[in-house]
$ cat protein_0.cif   # mmCIF, C-alpha atoms
data_input
loop_
_atom_site.label_atom_id
_atom_site.label_comp_id
_atom_site.auth_asym_id
_atom_site.auth_seq_id
_atom_site.Cartn_x
_atom_site.Cartn_y
_atom_site.Cartn_z
CA MET C 1 16.38 35.38 -12.83
CA ALA C 2 15.21 34.28 -9.37
CA GLN C 3 11.76 33.56 -10.75
CA ASP C 4 13.20 31.50 -13.62
CA GLN C 5 15.22 29.44 -11.16
CA GLU C 6 12.09 28.85 -9.12
CA HIS C 7 10.26 27.70 -12.24
CA GLU C 8 13.02 25.29 -13.16
CA GLN C 9 13.19 23.83 -9.64
CA ALA C 10 9.46 23.30 -9.53
CA VAL C 11 9.01 21.75 -12.95
CA ALA C 12 12.26 19.90 -13.50
CA CYS C 13 11.21 17.31 -10.94
CA ASP C 14 9.91 14.58 -13.24
CA ASP C 15 10.50 11.70 -10.86
CA PRO C 16 7.55 9.40 -11.49
CA VAL C 17 7.34 8.40 -7.84
CA CYS C 18 8.59 11.42 -5.99
CA ALA C 19 5.31 11.29 -4.11
CA GLN C 20 6.30 8.03 -2.49
CA LYS C 21 9.85 9.25 -1.87
CA GLY C 22 8.48 12.49 -0.46
CA ALA C 23 6.60 10.57 2.20
CA THR C 24 9.89 10.28 4.05
CA SER C 25 12.15 12.97 2.62
CA ARG C 26 9.38 15.61 2.88
CA VAL C 27 11.09 17.70 0.17
CA CYS C 28 10.78 16.98 -3.53
CA LYS C 29 14.15 17.78 -5.11
CA ALA C 30 15.00 17.48 -8.77
CA SER C 31 18.42 16.08 -7.98
CA THR C 32 16.92 13.04 -6.28
CA CYS C 33 14.38 12.23 -8.95
CA SER C 34 15.92 9.29 -10.74
CA VAL C 35 13.81 6.19 -10.12
CA PRO C 36 11.54 5.04 -12.98
CA PHE C 37 7.86 4.58 -12.16
CA PHE C 38 7.71 1.25 -13.95
CA GLU C 39 10.30 -0.45 -11.74
CA GLU C 40 8.75 -3.10 -9.51
CA PRO C 41 8.83 -2.41 -5.77
CA THR C 42 11.39 -4.39 -3.79
CA ASP C 43 11.58 -5.53 -0.19
CA SER C 44 13.31 -3.09 2.13
CA ASP C 45 15.18 -3.79 5.34
CA SER C 46 15.42 -0.11 6.21
CA THR C 47 15.14 1.13 9.77
CA GLU C 48 13.42 4.27 10.95
CA ASP C 49 16.61 6.23 10.27
CA GLU C 50 16.79 5.05 6.66
CA HIS C 51 14.68 5.97 3.64
CA PRO C 52 12.37 3.12 2.61
CA ASP C 53 12.07 1.98 -0.99
CA PRO C 54 10.59 5.01 -2.82
CA LEU C 55 8.49 2.68 -4.96
CA MET C 56 6.75 0.95 -2.08
CA SER C 57 3.07 0.55 -2.88
CA TRP C 58 0.79 1.62 -0.05
CA PRO C 59 -2.26 -0.69 0.09
CA GLU C 60 -1.72 -1.12 3.81
CA HIS C 61 1.63 0.58 4.43
CA GLU C 62 1.58 3.39 6.95
CA SER C 63 1.71 6.91 5.64
CA PRO C 64 3.92 9.01 7.94
CA GLU C 65 2.08 12.20 7.06
CA SER C 66 -1.32 10.77 7.96
CA SER C 67 -0.14 9.53 11.33
CA GLU C 68 1.01 12.90 12.65
CA GLU C 69 -0.91 14.36 15.54
CA VAL C 70 -3.38 17.11 14.78
CA GLU C 71 -4.53 19.60 17.35
CA GLU C 72 -8.23 19.39 18.04
CA THR C 73 -10.29 21.73 20.12
CA GLU C 74 -13.58 20.03 19.37
CA GLU C 75 -14.49 16.45 18.65
CA PRO C 76 -15.85 15.83 15.13
CA SER C 77 -19.48 14.97 14.75
CA VAL C 78 -19.60 11.34 13.67
CA ALA C 79 -22.70 9.26 13.10
CA GLN C 80 -21.52 5.77 12.23
CA PRO C 81 -23.67 3.01 10.76
CA ALA C 82 -24.61 0.96 13.80
CA ILE C 83 -22.67 -2.12 14.85
CA PRO C 84 -24.07 -3.94 17.90
CA TRP C 85 -21.91 -4.55 20.95
CA VAL C 86 -21.79 -7.41 23.40
CA ASP C 87 -20.52 -6.15 26.74
CA ASP C 88 -20.00 -9.48 28.46
CA ASP C 89 -18.26 -12.36 26.72
CA PRO C 90 -16.18 -14.30 29.25
CA ALA C 91 -14.69 -16.54 26.56
CA HIS C 92 -12.93 -13.57 24.96
CA GLU C 93 -12.61 -11.17 27.90
CA SER C 94 -8.82 -11.49 27.88
CA ALA C 95 -8.60 -10.43 24.22
CA SER C 96 -10.78 -7.34 24.37
CA PRO C 97 -12.84 -5.55 27.01
CA LYS C 98 -15.73 -5.55 24.57
CA THR C 99 -16.47 -7.90 21.75
CA LEU C 100 -18.38 -7.01 18.63
CA GLY C 101 -21.84 -8.51 18.53
CA LEU C 102 -20.85 -10.38 15.39
CA PRO C 103 -21.13 -14.06 14.52
CA LEU C 104 -18.13 -16.29 14.93
CA PHE C 105 -16.00 -16.78 11.83
CA ASP C 106 -17.10 -20.14 10.41
CA GLU C 107 -13.92 -22.12 9.89
CA GLN C 108 -15.98 -24.95 8.43
CA GLN C 109 -17.28 -22.71 5.66
CA TYR C 110 -14.04 -20.82 5.04
CA GLN C 111 -10.92 -22.85 4.37
CA PHE C 112 -7.63 -20.97 4.74
CA TRP C 113 -5.59 -20.86 1.54
CA ARG C 114 -2.68 -18.46 1.98
CA LEU C 115 -1.52 -15.11 3.31
CA LEU C 116 -1.89 -12.37 0.71
CA ASN C 117 -0.05 -9.51 2.40
CA PRO C 118 0.38 -7.86 5.79
CA ALA C 119 -1.91 -5.00 6.77
CA VAL C 120 0.77 -2.88 8.39
CA ARG C 121 -1.35 0.05 9.55
CA SER C 122 -3.91 -2.16 11.29
CA GLY C 123 -1.31 -4.55 12.65
CA GLY C 124 -3.10 -7.40 10.92
CA GLN C 125 -2.99 -9.09 7.55
CA ILE C 126 -4.96 -9.95 4.43
CA GLU C 127 -5.68 -13.66 4.09
CA LEU C 128 -7.25 -15.66 1.28
CA TYR C 129 -9.88 -18.31 2.01
CA LEU C 130 -11.94 -20.71 -0.08
CA ASP C 131 -15.65 -20.33 0.58
CA LYS C 132 -16.79 -23.98 0.48
CA MET C 133 -20.42 -22.98 0.05
CA THR C 134 -19.85 -21.00 -3.16
CA GLY C 135 -16.51 -22.36 -4.34
CA VAL C 136 -15.03 -18.87 -4.72
CA THR C 137 -11.99 -17.30 -3.10
CA VAL C 138 -12.58 -14.44 -0.67
CA ALA C 139 -10.22 -11.94 0.92
CA VAL C 140 -10.30 -11.62 4.70
CA LYS C 141 -8.81 -8.65 6.50
CA ARG C 142 -7.84 -9.82 9.96
CA VAL C 143 -7.46 -7.15 12.65
CA PRO C 144 -5.97 -8.60 15.84
CA ALA C 145 -7.83 -8.28 19.10
CA HIS C 146 -5.02 -6.31 20.75
CA ARG C 147 -5.27 -3.67 18.00
CA LEU C 148 -9.01 -3.32 18.63
CA GLN C 149 -8.44 -3.00 22.37
CA THR C 150 -5.55 -0.55 21.98
CA PHE C 151 -7.55 1.63 19.63
CA LEU C 152 -10.41 1.91 22.09
CA SER C 153 -8.28 2.53 25.16
CA THR C 154 -5.37 4.73 24.06
CA ASN C 155 -5.60 5.82 20.42
CA LEU C 156 -8.70 7.97 20.49
CA GLU C 157 -7.16 10.38 17.95
CA ASP C 158 -6.02 7.62 15.58
CA LEU C 159 -7.69 8.21 12.24
CA GLU C 160 -7.16 4.61 11.07
CA ASP C 161 -10.28 3.27 12.79
CA PRO C 162 -10.95 -0.50 12.47
CA TRP C 163 -14.44 -0.14 13.91
CA GLN C 164 -15.29 2.55 11.36
CA GLU C 165 -13.91 0.40 8.57
CA MET C 166 -16.09 -2.57 9.51
CA ALA C 167 -19.19 -0.42 9.89
CA VAL C 168 -18.77 1.47 6.61
CA THR C 169 -17.61 -1.53 4.55
CA THR C 170 -20.58 -3.67 5.57
CA TYR C 171 -22.92 -0.68 5.05
CA LEU C 172 -21.74 0.21 1.53
CA GLY C 173 -20.52 -3.19 0.31
CA GLY C 174 -23.01 -5.56 1.89
CA SER C 175 -25.83 -7.28 0.03
CA GLY C 176 -29.15 -5.51 -0.25
CA PRO C 177 -30.62 -2.39 -1.84
CA GLY C 178 -28.04 -0.11 -0.21
CA ARG C 179 -25.12 -1.81 -1.95
CA VAL C 180 -22.86 0.57 -3.91
CA PRO C 181 -21.54 -1.12 -7.08
CA GLY C 182 -18.30 0.87 -6.94
CA VAL C 183 -17.40 -0.56 -3.52
CA CYS C 184 -15.80 -3.98 -3.16
CA ALA C 185 -18.53 -6.46 -2.17
CA CYS C 186 -18.48 -7.36 1.52
CA HIS C 187 -19.71 -10.73 2.84
CA GLY C 188 -19.78 -9.71 6.46
CA ALA C 189 -17.76 -8.91 9.57
CA PHE C 190 -17.00 -11.72 11.99
CA ARG C 191 -14.85 -12.50 15.00
CA SER C 192 -12.46 -15.38 15.33
CA ALA C 193 -12.25 -17.67 18.32
CA SER C 194 -9.35 -15.57 19.63
CA GLY C 195 -11.29 -12.30 19.33
CA ASP C 196 -9.74 -11.02 16.07
CA ALA C 197 -12.01 -9.11 13.71
CA MET C 198 -12.45 -10.81 10.32
CA LEU C 199 -13.78 -8.62 7.49
CA VAL C 200 -14.70 -10.81 4.50
CA SER C 201 -14.83 -9.29 1.00
CA ASP C 202 -14.58 -10.32 -2.64
CA TYR C 203 -11.13 -11.30 -3.79
CA LEU C 204 -10.31 -9.24 -6.88
CA PRO C 205 -7.09 -10.62 -8.39
CA GLY C 206 -6.88 -8.01 -11.15
CA GLY C 207 -4.71 -5.75 -9.02
CA ASP C 208 -5.09 -2.11 -8.00
CA LEU C 209 -4.77 1.08 -10.01
CA PHE C 210 -1.16 1.49 -8.90
CA ASP C 211 -0.52 -1.65 -10.97
CA VAL C 212 -2.53 -0.16 -13.83
CA ALA C 213 -0.54 3.10 -13.75
CA SER C 214 2.65 1.04 -13.84
CA GLU C 215 1.56 -0.95 -16.89
CA LEU C 216 0.03 1.62 -19.24
CA GLY C 217 3.32 2.70 -20.81
CA GLU C 218 4.58 6.18 -21.50
CA PRO C 219 2.25 9.21 -21.66
CA SER C 220 0.33 9.26 -24.93
CA PRO C 221 -3.19 9.80 -26.31
CA TRP C 222 -3.77 6.04 -25.97
CA ARG C 223 -2.81 6.14 -22.30
CA GLU C 224 -5.13 9.07 -21.70
CA GLN C 225 -7.96 7.14 -23.33
CA GLN C 226 -7.42 4.26 -20.91
CA ALA C 227 -7.22 6.65 -17.98
CA TRP C 228 -10.62 8.21 -18.78
CA ALA C 229 -12.42 4.90 -18.16
CA PHE C 230 -10.83 4.39 -14.74
CA VAL C 231 -11.37 8.00 -13.70
CA ARG C 232 -15.02 7.88 -14.66
CA SER C 233 -15.54 4.67 -12.66
CA LEU C 234 -13.72 6.17 -9.68
CA LEU C 235 -15.68 9.43 -9.67
CA GLU C 236 -19.02 7.64 -10.01
CA ALA C 237 -18.18 5.50 -6.97
CA ILE C 238 -16.95 8.47 -4.92
CA MET C 239 -19.96 10.65 -5.68
CA THR C 240 -22.31 7.75 -4.92
CA ILE C 241 -20.85 7.13 -1.47
CA HIS C 242 -20.98 10.88 -0.83
CA SER C 243 -24.69 10.75 -1.54
CA ARG C 244 -24.94 7.98 1.08
CA GLY C 245 -23.32 10.19 3.72
CA VAL C 246 -19.81 8.74 3.58
CA ALA C 247 -16.47 10.19 2.44
CA HIS C 248 -13.67 7.71 1.84
CA GLY C 249 -10.87 9.75 3.44
CA ASP C 250 -8.01 7.78 1.86
CA VAL C 251 -8.56 7.78 -1.90
CA SER C 252 -5.43 6.56 -3.70
CA LEU C 253 -4.40 4.28 -6.55
CA GLU C 254 -3.72 1.52 -4.02
CA ASN C 255 -7.25 1.66 -2.58
CA MET C 256 -8.99 1.02 -5.89
CA LEU C 257 -9.12 -2.51 -7.27
CA ARG C 258 -10.12 -3.66 -10.73
CA GLN C 259 -13.54 -5.28 -10.75
CA ARG C 260 -13.77 -8.89 -11.85
CA GLY C 261 -15.05 -9.21 -15.42
CA CYS C 262 -14.60 -5.52 -16.28
CA SER C 263 -11.01 -4.36 -16.59
CA THR C 264 -11.85 -0.65 -16.50
CA SER C 265 -14.29 -0.63 -13.55
CA THR C 266 -12.94 0.00 -10.07
CA ALA C 267 -13.94 -1.09 -6.58
CA LEU C 268 -13.10 1.02 -3.53
CA VAL C 269 -11.50 -0.67 -0.52
CA ASP C 270 -10.00 0.33 2.84
CA PHE C 271 -12.51 2.57 4.64
CA GLY C 272 -10.48 2.86 7.83
CA MET C 273 -10.25 6.65 7.46
CA ALA C 274 -13.82 7.14 6.29
CA VAL C 275 -15.79 10.18 7.47
CA THR C 276 -19.49 9.93 8.32
CA GLY C 277 -21.96 12.32 9.87
CA ASP C 278 -21.39 15.97 8.95
CA LEU C 279 -19.04 15.66 5.96
CA THR C 280 -18.51 19.43 5.86
CA ARG C 281 -16.75 19.47 9.25
CA ALA C 282 -14.08 16.79 8.95
CA VAL C 283 -10.92 17.13 11.04
CA GLY C 284 -7.47 15.59 10.89
CA VAL C 285 -4.97 14.93 8.11
CA ARG C 286 -6.13 11.83 6.26
CA GLY C 287 -4.65 9.84 3.42
CA LYS C 288 -1.22 9.67 1.83
CA PRO C 289 0.96 12.79 1.53
CA SER C 290 0.66 13.37 -2.22
CA TYR C 291 -3.13 12.89 -2.15
CA GLN C 292 -3.97 15.07 0.85
CA ALA C 293 -6.12 18.09 0.05
CA PRO C 294 -4.18 21.26 0.99
CA GLU C 295 -6.98 22.53 3.22
CA MET C 296 -6.34 19.60 5.58
CA HIS C 297 -3.14 21.38 6.63
CA THR C 298 -4.53 24.90 6.87
CA GLN C 299 -8.10 24.56 8.20
CA HIS C 300 -9.36 22.99 11.41
CA PHE C 301 -12.55 21.87 9.65
CA TYR C 302 -12.79 20.97 5.97
CA ASP C 303 -15.28 19.32 3.62
CA ALA C 304 -14.35 15.63 3.35
CA ARG C 305 -16.10 15.36 -0.03
CA CYS C 306 -13.89 18.06 -1.51
CA ALA C 307 -10.85 16.31 -0.07
CA ASP C 308 -11.90 13.04 -1.75
CA LEU C 309 -12.24 14.83 -5.09
CA PHE C 310 -8.77 16.36 -4.76
CA ALA C 311 -7.36 12.86 -4.22
CA CYS C 312 -9.27 11.73 -7.32
CA GLY C 313 -7.45 14.48 -9.22
CA VAL C 314 -4.05 13.21 -8.08
CA SER C 315 -5.12 9.71 -9.13
CA ALA C 316 -6.25 11.00 -12.53
CA TYR C 317 -2.91 12.75 -13.02
CA ALA C 318 -0.97 9.59 -12.15
CA LEU C 319 -3.09 7.40 -14.41
CA ALA C 320 -2.52 9.66 -17.41
CA THR C 321 1.16 10.42 -16.87
CA GLY C 322 2.68 7.58 -14.86
CA SER C 323 3.94 10.09 -12.29
CA TYR C 324 2.68 12.10 -9.34
CA PRO C 325 2.30 15.87 -9.51
CA TRP C 326 4.00 16.45 -6.13
CA SER C 327 5.35 14.55 -3.14
CA SER C 328 3.27 16.29 -0.48
CA THR C 329 0.80 19.13 -0.01
CA ARG C 330 2.03 20.02 3.45
CA PRO C 331 3.20 23.68 3.41
CA GLY C 332 6.91 24.00 2.74
CA SER C 333 7.48 20.30 2.11
CA CYS C 334 7.52 20.13 -1.72
CA LEU C 335 8.81 22.59 -4.32
CA CYS C 336 6.36 21.35 -6.93
CA PHE C 337 3.28 21.96 -4.81
CA GLY C 338 4.75 25.20 -3.55
CA TYR C 339 4.92 26.40 -7.15
CA ALA C 340 1.29 25.32 -7.73
CA GLN C 341 0.16 27.20 -4.64
CA LYS C 342 1.99 30.37 -5.61
CA HIS C 343 1.17 30.47 -9.33
CA GLY C 344 -1.97 28.33 -9.59
CA ILE C 345 -2.72 24.82 -10.84
CA GLU C 346 -3.09 25.99 -14.45
CA ALA C 347 0.39 27.53 -14.43
CA PHE C 348 1.75 24.39 -12.82
CA LEU C 349 0.26 22.16 -15.54
CA GLN C 350 1.64 24.44 -18.24
CA ARG C 351 5.14 24.32 -16.79
CA ARG C 352 5.20 20.70 -15.57
CA LYS C 353 7.26 18.24 -17.60
CA VAL C 354 7.36 14.44 -17.57
CA SER C 355 9.77 12.05 -19.23
CA VAL C 356 8.70 10.62 -22.59
CA GLY C 357 11.29 8.48 -24.34
CA GLY C 358 13.84 9.73 -21.87
CA VAL C 359 13.21 13.36 -22.87
CA PRO C 360 11.38 15.81 -20.55
CA ARG C 361 8.30 17.12 -22.37
CA PRO C 362 5.48 19.48 -21.31
CA LEU C 363 2.15 17.93 -20.33
CA SER C 364 0.47 19.88 -23.12
CA CYS C 365 2.24 17.65 -25.67
CA PHE C 366 0.19 14.58 -24.80
CA LEU C 367 -2.76 15.60 -22.57
CA SER C 368 -5.92 16.80 -24.28
CA VAL C 369 -7.56 20.10 -23.38
CA ARG C 370 -10.47 18.15 -21.89
CA TYR C 371 -8.27 16.08 -19.62
CA ARG C 372 -6.36 19.14 -18.46
CA GLN C 373 -9.71 20.76 -17.64
CA LEU C 374 -10.58 17.69 -15.56
CA LEU C 375 -7.33 18.08 -13.63
CA LEU C 376 -7.87 21.83 -13.16
CA THR C 377 -11.28 21.12 -11.67
CA LEU C 378 -10.33 18.28 -9.33
CA LEU C 379 -7.03 19.80 -8.20
CA SER C 380 -8.45 23.28 -7.70
CA LEU C 381 -7.11 25.08 -4.64
CA GLU C 382 -10.67 26.34 -4.11
CA PRO C 383 -12.34 23.25 -2.58
CA LEU C 384 -15.91 24.02 -3.62
CA ARG C 385 -14.91 24.39 -7.27
CA ARG C 386 -14.13 20.66 -7.36
CA PHE C 387 -17.86 19.94 -7.23
CA GLU C 388 -18.09 21.20 -10.82
CA VAL C 389 -16.92 17.76 -11.92
CA SER C 390 -20.42 16.45 -11.22
CA SER C 391 -22.03 18.73 -13.81
CA TRP C 392 -23.93 17.04 -16.62
CA GLN C 393 -21.67 18.43 -19.33
CA PHE C 394 -18.51 17.22 -17.62
CA MET C 395 -19.84 13.76 -16.81
CA HIS C 396 -21.44 13.03 -20.16
CA GLY C 397 -19.28 15.12 -22.45
CA GLY C 398 -15.87 14.68 -20.87
CA PHE C 399 -16.07 11.11 -19.67
CA ALA C 400 -17.94 9.74 -22.69
CA ALA C 401 -15.22 11.19 -24.89
#
$ encode --input "protein_0.cif" --output "structure tokens"
Amino acid sequence: MAQDQEHEQAVACDDPVCAQKGATSRVCKASTCSVPFFEEPTDSDSTEDEHPDPLMSWPEHESPESSEEVEETEEPSVAQPAIPWVDDDPAHESASPKTLGLPLFDEQQYQFWRLLNPAVRSGGQIELYLDKMTGVTVAVKRVPAHRLQTFLSTNLEDLEDPWQEMAVTTYLGGSGPGRVPGVCACHGAFRSASGDAMLVSDYLPGGDLFDVASELGEPSPWREQQAWAFVRSLLEAIMTIHSRGVAHGDVSLENMLRQRGCSTSTALVDFGMAVTGDLTRAVGVRGKPSYQAPEMHTQHFYDARCADLFACGVSAYALATGSYPWSSTRPGSCLCFGYAQKHGIEAFLQRRKVSVGGVPRPLSCFLSVRYRQLLLTLLSLEPLRRFEVSSWQFMHGGFAA
């Protein structure tokens, strides 16, 4: 009887966005799962003592789980793509003790259009500009000078690193032979007259994959077919940047945009938590609570590539079902993940139910055997097993299907 009750608690939670709600409640409870995934997010005036809107999308919103302090006994080995420094710049000395050796942002070339959205975690914002030379709109992530200075002087353990983001984004997204097609194209990093960092990238108005997951309708074979295309594009991009010595560190639906001209191709953005150097010895809890690989919470060092693949598995689940599998992977914080840890991912997928037409139905009713195998591989609790997704049979048999 006790085991049956445990099963029911773990699988009855079919809240499509309990992962977002769990970011603050820390416990996924069936009794609180009542908000439909397809409802649009609304503005919230909540304070720290209140629960924010459970549907808040997280392109730049701070994840409470990822900001918690993590004990470190040894600094991680990090070899970043080089960005030159200029030690003495009297014109901007008051804004930052050091200024990036980057060209000034050309306000004659780039004409401000409008604010797109705030970048809460970096303390900055995303702005849209018209590039007068090309006639196209670009997105500019502005990171204020005080954030750059604060990061260098006091936040040495902060995993949301603006310097790392600029280095990695220009390395993977810049023009030239090293450009990765699955990364949003970058037009350069600049500094404004006031010392703010200005990271210029393509503006992709097609939205992110959180929007896609909200628009695909109820779980069905058709929805799974659409999900395959996005998952394939995502995995190709992730495995390519891994081969270039970079792990993303914050894979999520909100950090993948639809490419212009191809509705099923994705472009990775937001490399502020990227890992470089020895990818097998990453430290710190990175990413959003529902996407965090479980080993982040139990091991001092973990393989950042395996963690990326786990987050790809959560994304694949959400794309196919319109819901998240759990609210958090932190031990003791979510009944759903607790069940998966105790009984295995396969048992979890067999017992898990989602709402279809208002009626809870098992995943097996609308997910193919092949897609379930994809989820079993990516969400494996054995990190190294996730690498099996790169096998020829999986890539060409599974994804092509």
$ residues_around --input "protein_0.cif" --residues "region 181-195 of chain C" --least-positions-apart "2" --cutoff "7 Å" --atoms "all atoms listed in the file" --output "PyMOL selection string"
chain C and resi 92+95+102-105+145+166+169-170+172-174+179+197-202+237+266-269
$ atom_distance --input "protein_0.cif" --atom1 "CA of Tyr291 (chain C)" --atom2 "CA of Gly332 (chain C)"
15.8 Å
$ resolve_selection --input "protein_0.cif" --expression "the PyMOL selection byres ((chain C and resi 338-348) around 10)" --output "ChimeraX atom specification"
/C:6-7,9-11,294,325-326,328-337,349-353,363,372-373,375-377,379-381
$ resolve_selection --input "protein_0.cif" --expression "the PyMOL selection byres ((chain C and resi 272) around 12)" --output "PyMOL selection string"
chain C and resi 59-60+119+121-122+141+143+158-169+199+246-251+255+268-271+273-276+286-287
$ write_last_selection --input "protein_0.cif" --atoms "C-alpha atoms" --output "short mmCIF file (atom, residue, chain, number, x, y, z; two decimals), in the coordinates of the input"
data_model
loop_
_atom_site.label_atom_id
_atom_site.label_comp_id
_atom_site.auth_asym_id
_atom_site.auth_seq_id
_atom_site.Cartn_x
_atom_site.Cartn_y
_atom_site.Cartn_z
CA PRO C 59 -2.26 -0.69 0.09
CA GLU C 60 -1.72 -1.12 3.81
CA ALA C 119 -1.91 -5.00 6.77
CA ARG C 121 -1.35 0.05 9.55
CA SER C 122 -3.91 -2.16 11.29
CA LYS C 141 -8.81 -8.65 6.50
CA VAL C 143 -7.46 -7.15 12.65
CA ASP C 158 -6.02 7.62 15.58
CA LEU C 159 -7.69 8.21 12.24
CA GLU C 160 -7.16 4.61 11.07
CA ASP C 161 -10.28 3.27 12.79
CA PRO C 162 -10.95 -0.50 12.47
CA TRP C 163 -14.44 -0.14 13.91
CA GLN C 164 -15.29 2.55 11.36
CA GLU C 165 -13.91 0.40 8.57
CA MET C 166 -16.09 -2.57 9.51
CA ALA C 167 -19.19 -0.42 9.89
CA VAL C 168 -18.77 1.47 6.61
CA THR C 169 -17.61 -1.53 4.55
CA LEU C 199 -13.78 -8.62 7.49
CA VAL C 246 -19.81 8.74 3.58
CA ALA C 247 -16.47 10.19 2.44
CA HIS C 248 -13.67 7.71 1.84
CA GLY C 249 -10.87 9.75 3.44
CA ASP C 250 -8.01 7.78 1.86
CA VAL C 251 -8.56 7.78 -1.90
CA ASN C 255 -7.25 1.66 -2.58
CA LEU C 268 -13.10 1.02 -3.53
CA VAL C 269 -11.50 -0.67 -0.52
CA ASP C 270 -10.00 0.33 2.84
CA PHE C 271 -12.51 2.57 4.64
CA MET C 273 -10.25 6.65 7.46
CA ALA C 274 -13.82 7.14 6.29
CA VAL C 275 -15.79 10.18 7.47
CA THR C 276 -19.49 9.93 8.32
CA ARG C 286 -6.13 11.83 6.26
CA GLY C 287 -4.65 9.84 3.42
#
$ residues_around --input "protein_0.cif" --residues "Arg386 (chain C)" --least-positions-apart "2" --cutoff "7 Å" --atoms "only C-alpha atoms" --output "VMD selection string"
chain C and resid 306 309 377 to 378 380 383 to 384 388 to 389
$ resolve_selection --input "protein_0.cif" --expression "the PyMOL selection byres ((chain C and resi 302) around 7)" --output "MDAnalysis selection string"
chainID C and resid 280:283 295:296 299:301 303:304
$ closest_residue --input "protein_0.cif" --among "C:Leu115, C:Val356, C:Leu319, C:Leu130" --to "Arg142 (chain C)" --atoms "all atoms listed in the file"
C:Leu115
$ atom_distance --input "protein_0.cif" --atom1 "CA of Arg147 (chain C)" --atom2 "CA of Val180 (chain C)"
28.4 Å
$ residues_around --input "protein_0.cif" --residues "Phe366 (chain C)" --least-positions-apart "6" --cutoff "8 Å" --atoms "only C-alpha atoms" --output "MDAnalysis selection string"
chainID C and resid 219:221
$ closest_residue --input "protein_0.cif" --among "C:Lys132, C:Arg232, C:Arg223, C:Lys288" --to "Leu253 (chain C)" --atoms "all atoms listed in the file"
C:Lys288
$ closest_residue --input "protein_0.cif" --among "C:Thr264, C:Ser243, C:Ser355, C:Ser368" --to "Gly277 (chain C)" --atoms "only C-alpha atoms"
C:Ser243
